[in-house]
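Take a look at the structure set out below.
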Amino acid sequence: MASSLAFEGVTKRYDTTEALAGIDLTVEPGSFIALVGASGSGKSTLLKTINRLVDPTEGRVLLDGEDVTTRDPTEMRRRMGYVFQGIGLFPHLTVGENIAMGPRLVGEKLTGERIAELLELVDLQPDMASRLPAELSGGQQQRVGVARALAGDPKLLLMDEPFGALDPVTRDALGTRVRDLHARLDLTTIMVTHDMAEALILAERVLVMDRGRIVADETPQALASGKGGDIAQALVEIPRHQAQRMKELEA
Amino acid sequence: MSAVWTALLGLGDVLAQHVILSACAIGLGTAVALPLAVWASRSQAVSRGALGFASLVQTIPALALLALFFPILLSLRAVFGPDLPTLGFLPALLALALYALLPILRNAVTAQTNLDPGVLQAADAVGMSFWQRLRIVEAPLAAPYIMAGIRTAAVWTIGAATLSTTIGQPSLGDPIFAGLQTQNWTLVLAGCIASAGLAIVADALLGLIESGFRHRDRRRWLGGAIAVAVGVAAAFASQVDWSRDDGRETIVIGTKQFSEQLILGRLVGDRLREAGYNVEYLEGLGSAVVAQAVANGSIDLYFDYTGTIWANQMKRTDNPGRNAMYNAIVKWEREKQGTRVLGKLGFENAYAFAMREDRAKELGITTIADLARAAPRLVAGGDPEWFERPEWFAVRDVYGLKFARQRNFSPTFMYDALRSDEADVITAYTSDGRISADRLRVLEDPREALPSYDTLIILSPERANDEKLIAALRPLLGSINVENMREANFSVDRTDGEKKTPAEAARALAKASGQE
Ligand SMILES: Nc1ncnc2c1ncn2[C@@H]1O[C@H](COP(=O)(O)OP(=O)(O)OP(=O)(O)O)[C@@H](O)[C@H]1O
Ligand SMILES: [Mg+2]
């Protein structure tokens, strides 16, 4: 069963900034959600309140109906996949050891075959398993991060700009593959991205954040047909404009 | 050079003790520093406090730190009972471990603060518990830095461990201190070479482990670790007493740091061994330490001088005369310390005025009263303390001494000054071998203005009524005259080919004193 999520008045204040300004949101089991918005709008912070890397100043986050602060964080995190914005691989462990980390923590040993399978899933050669992260390109490292997040058979997949460092071709392929996986493994997925086109194509629900608030919560179809308000439309305008320019060039 | 080589070969035992002491101290330092560093990485206050404390410790000279543990452990006997050792291995271990703390702690804390916060967050995000994060992520990433700290600590500790000789723990400081006292430079050099060599080897092996950690090269760090373990294990094995307990009682003889004390220690030790005892020596103890050590039974006996006890321990400045002083000391030792003054060995090691024989004859001087008449035309030399000591004020006032000039010399140079006419008269030590070697005339003190410095054997409270021991020691009382003692001292202090070790000098002294 995929996980459900609910945010109730979630606010996070730092000394000078309000990173989250009262978020109310429910996420149905099995949904694929894209989170977009300007830099500093609170996307990463929102994601981190789910696995408790950040605890809200006010409000609460419910995972499958249970307040996350009442649960054992380590046990809870082992059942989520989390992909870091800044990659976050362990530099002293090989790619294979990095991928196998989640299962290792609960006393399971991932077979070489399974590691190879996960590497192939993110478009990497199985023989990369024995390399250290520093011996990989930025994009390759990011894909290892995705493979690691999937290794523990999570029910909830949280991805913070997972494809930021990838070339467009790999990015497109990987996006599609994650989307398929999401359906096949019955996941609930939240993906932060700066790319509205990616959000529109992959997600079934797009959330737009601005200064700690959710300013639009629409389906891709609704956004494409001009709904969601000014901020959301300003973001949609970019791929639309690009597509138009392409058409003009073709003509 | 072959002499140094021979001396080096004789250092096996103290080398092993040095290795054991250093290894235990570094081990203990590491065992304390690492948890402290983990705690410090979670709390700013702990971090500041721990590093501040370790830095403070570092500013205390190693010698003082070692000596400080004596009174500390002594006061801890109230808690741990009278069997808590106050000299030897335990205080040396604690002081050196404290000394080793700083480099390990500082490197461990630095390593932790420099860990990439993203990596730590990743560790949390994949669901690591506190211990898993420590073991799987923090420890391996910090290991090369911690190892570098341990390396620094090892080099410091091995160097500082030579000082543990002063609190009665055998180490490579033994040959260094003994050599410095007896001007046996071969011995000093051998001790220095051995301790420097040990430090270099330890540094290289720990460096191998460090680089193994850094490059994740298991063979390298495992090789280094095995080499270190084998070395330490060999040191331990060599120190295990394989012989069965022979049922003999062991007497611990403490001595201060100069030749005369070392010789007397060996003399008494030989005597006791003949009487069926096992004998251990704690040589080169500090003056204050040795007196307290006998009072609390860390040593069974030692040698001291009436004038020293009078001034330094009883804090008296008057001079009641030789017999009255001796009786007062016997009483004071018994009542205040619980120790027993067994008696006088027969010679004095006092301050006395000495002149070159020819000069004294020329001026017609045999007593200090004669000296006082000629003094306005003479230059007097003393050790750096002398002209500030109560003994000088006393003798000056009694005889009305007023020299043309007063000069300070280090003890070794005083005698040279006399020889080269830099001084006409010096304040020598009466049992110093150079008095007879340089054929000096020691001036008489008819009015007994200078306090006496009779040499005493003092027994610890537990031995105060040990009749068997006392019977073995009694023949020594009154048996050593000052000429024989001078001879023995000189044979150790001289720097030419006829130089003897304290043990050899002790045998010659026993013979000359009719003990064999
Ligand atoms: N630990 C922190 N201390 C203080 N302020 C913080 C902290 N973490 C985040 N912030 C602030 O909270 C706000 C939201 O940050 P957040 O990382 O959630 O943004 P984001 O939407 O993920 O941005 P980006 O797209 O650049 O990753 C920012 O203004 C940021 O400066
Ligand atoms: Mg972010």
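Letters A, B, ... go to the chains of the structure tokens in the order shown; residues in each chain start at 1; ligands are counted from 1 in the same order.
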
Notebook entry, point to check: Could you list, as a PyMOL selection string, all the residues within 9 Å of ligand 1, counting only C-alpha atoms and all ligand atoms?
Noted result: chain A and resi 12-20+36-48+54+85+160-161+192-194+209-212

Next item on the list: Identify every residue of chain A that has at least one atom within 6 Å of any atom of chain B, counting only C-alpha atoms, and report the result as a list in words.
Entry: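 On the chain A side, the interface is Thr74, Arg77, Arg78, Gly88 and Gly102 of chain A.
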
Notebook entry, point to check: Which of these, A:Met80, A:Met246, A:Val27, A:Leu105, has the shortest distance to A:Arg52 once you count only C-alpha atoms?
Noted result: A:Met80

Next item on the list: Based on DSSP run over this structure's backbone, return all residues of stretch 269-451 of chain B in strand (DSSP E), as a ChimeraX atom specification.
Entry: /B:278-282,301-305,340-348,351-356,379-382,405-408,425-429,440-442

If you keep N, CA and C atoms, can you produce a file of those selected residues as a CSV table (one decimal), in the first residue's frame?
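Result file is result-v4.csv:
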chain,number,residue,atom,x,y,z
B,278,ASN,N,64.9,-9.5,48.2
B,278,ASN,CA,64.9,-9.0,46.8
B,278,ASN,C,65.0,-7.5,47.0
B,279,VAL,N,65.7,-6.8,46.1
B,279,VAL,CA,65.9,-5.4,46.2
B,279,VAL,C,65.4,-4.7,44.9
B,280,GLU,N,64.6,-3.7,45.0
B,280,GLU,CA,64.3,-2.8,43.9
B,280,GLU,C,64.7,-1.4,44.2
B,281,TYR,N,65.1,-0.7,43.1
B,281,TYR,CA,65.6,0.6,43.3
B,281,TYR,C,64.6,1.6,42.6
B,282,LEU,N,64.2,2.7,43.3
B,282,LEU,CA,63.6,3.8,42.6
B,282,LEU,C,64.6,4.9,42.7
B,301,LEU,N,63.1,2.5,52.3
B,301,LEU,CA,64.1,3.3,53.0
B,301,LEU,C,64.8,4.2,52.0
B,302,TYR,N,65.3,5.3,52.5
B,302,TYR,CA,66.1,6.2,51.7
B,302,TYR,C,67.2,6.9,52.6
B,303,PHE,N,68.0,7.7,52.0
B,303,PHE,CA,69.0,8.4,52.7
B,303,PHE,C,68.8,9.9,52.6
B,304,ASP,N,68.9,10.6,53.8
B,304,ASP,CA,68.8,12.0,53.8
B,304,ASP,C,69.8,12.6,54.7
B,305,TYR,N,69.8,14.0,54.8
B,305,TYR,CA,70.9,14.7,55.5
B,305,TYR,C,70.2,15.5,56.6
B,340,ARG,N,61.3,6.1,60.8
B,340,ARG,CA,62.3,5.8,61.8
B,340,ARG,C,63.7,6.2,61.3
B,341,VAL,N,64.4,7.1,62.0
B,341,VAL,CA,65.8,7.4,61.7
B,341,VAL,C,66.6,6.3,62.3
B,342,LEU,N,67.1,5.4,61.4
B,342,LEU,CA,67.9,4.3,61.9
B,342,LEU,C,69.2,4.7,62.5
B,343,GLY,N,69.8,5.7,61.9
B,343,GLY,CA,71.1,6.2,62.5
B,343,GLY,C,71.9,6.9,61.4
B,344,LYS,N,73.1,7.2,61.8
B,344,LYS,CA,74.0,7.9,60.8
B,344,LYS,C,75.0,7.0,60.2
B,345,LEU,N,75.2,7.3,58.9
B,345,LEU,CA,76.1,6.4,58.1
B,345,LEU,C,77.6,6.7,58.5
B,346,GLY,N,77.8,7.9,59.0
B,346,GLY,CA,79.2,8.2,59.5
B,346,GLY,C,79.8,9.4,58.8
B,347,PHE,N,79.4,9.8,57.6
B,347,PHE,CA,80.0,11.0,57.0
B,347,PHE,C,78.9,12.1,56.9
B,348,GLU,N,79.5,13.3,56.6
B,348,GLU,CA,78.6,14.4,56.4
B,348,GLU,C,78.7,14.9,55.0
B,351,TYR,N,77.8,21.9,53.8
B,351,TYR,CA,78.5,23.0,53.2
B,351,TYR,C,79.7,23.3,54.0
B,352,ALA,N,80.8,23.6,53.3
B,352,ALA,CA,82.1,23.9,54.1
B,352,ALA,C,82.9,24.8,53.2
B,353,PHE,N,83.7,25.6,53.8
B,353,PHE,CA,84.6,26.5,53.0
B,353,PHE,C,85.9,25.6,52.7
B,354,ALA,N,86.3,25.7,51.4
B,354,ALA,CA,87.4,25.0,51.0
B,354,ALA,C,88.4,25.9,50.2
B,355,MET,N,89.7,25.7,50.4
B,355,MET,CA,90.7,26.5,49.7
B,355,MET,C,91.7,25.6,49.1
B,356,ARG,N,92.4,26.1,48.1
B,356,ARG,CA,93.6,25.3,47.6
B,356,ARG,C,94.6,25.2,48.7
B,379,VAL,N,88.3,36.6,47.3
B,379,VAL,CA,87.1,36.4,46.5
B,379,VAL,C,86.5,35.1,46.9
B,380,ALA,N,85.2,35.1,47.2
B,380,ALA,CA,84.5,33.9,47.6
B,380,ALA,C,83.6,33.4,46.5
B,381,GLY,N,83.6,32.1,46.3
B,381,GLY,CA,82.7,31.6,45.3
B,381,GLY,C,81.7,30.6,45.9
B,382,GLY,N,80.4,30.7,45.5
B,382,GLY,CA,79.4,29.8,46.0
B,382,GLY,C,78.5,29.3,44.9
B,405,ARG,N,84.8,40.2,47.5
B,405,ARG,CA,83.8,40.0,46.4
B,405,ARG,C,83.2,38.6,46.5
B,406,GLN,N,81.9,38.5,46.2
B,406,GLN,CA,81.2,37.2,46.2
B,406,GLN,C,80.8,36.9,44.8
B,407,ARG,N,81.1,35.7,44.3
B,407,ARG,CA,80.7,35.3,43.0
B,407,ARG,C,79.9,34.0,43.0
B,408,ASN,N,79.0,33.8,42.1
B,408,ASN,CA,78.2,32.6,41.9
B,408,ASN,C,78.8,31.7,40.8
B,425,VAL,N,88.3,31.1,47.8
B,425,VAL,CA,87.7,30.2,48.7
B,425,VAL,C,86.3,29.9,48.1
B,426,ILE,N,85.9,28.6,48.2
B,426,ILE,CA,84.5,28.3,47.8
B,426,ILE,C,83.8,27.5,48.8
B,427,THR,N,82.4,27.5,48.7
B,427,THR,CA,81.6,26.7,49.6
B,427,THR,C,81.4,25.4,48.9
B,428,ALA,N,82.2,24.4,49.3
B,428,ALA,CA,82.1,23.1,48.7
B,428,ALA,C,81.1,22.2,49.5
B,429,TYR,N,80.9,21.0,48.9
B,429,TYR,CA,80.1,20.0,49.7
B,429,TYR,C,81.1,19.0,50.2
B,440,LEU,N,92.0,19.8,48.2
B,440,LEU,CA,91.6,21.1,48.8
B,440,LEU,C,91.6,21.0,50.3
B,441,ARG,N,91.8,22.1,51.0
B,441,ARG,CA,91.8,22.1,52.4
B,441,ARG,C,90.4,22.6,52.9
B,442,VAL,N,89.7,21.8,53.7
B,442,VAL,CA,88.4,22.1,54.2
B,442,VAL,C,88.6,22.8,55.5

Checklist line | Atom-to-atom span, atom CA of B:Leu208 and atom CA of B:Gly223, Å | finding: 8.0 Å

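Neighbouring residues of A:Met159 at 10 Å or closer, counting only C-alpha atoms and skipping chain neighbours under 2 positions away, are Ala34, Leu35, Ser44, Leu47, Gly81, Tyr82, Val83, Phe84, Gln85, Gly145, Val146, Ala149, Leu156, Leu157, Glu161, Pro162, Phe163, Thr189, Ile190, Met191, Val192 and Thr193 of chain A.
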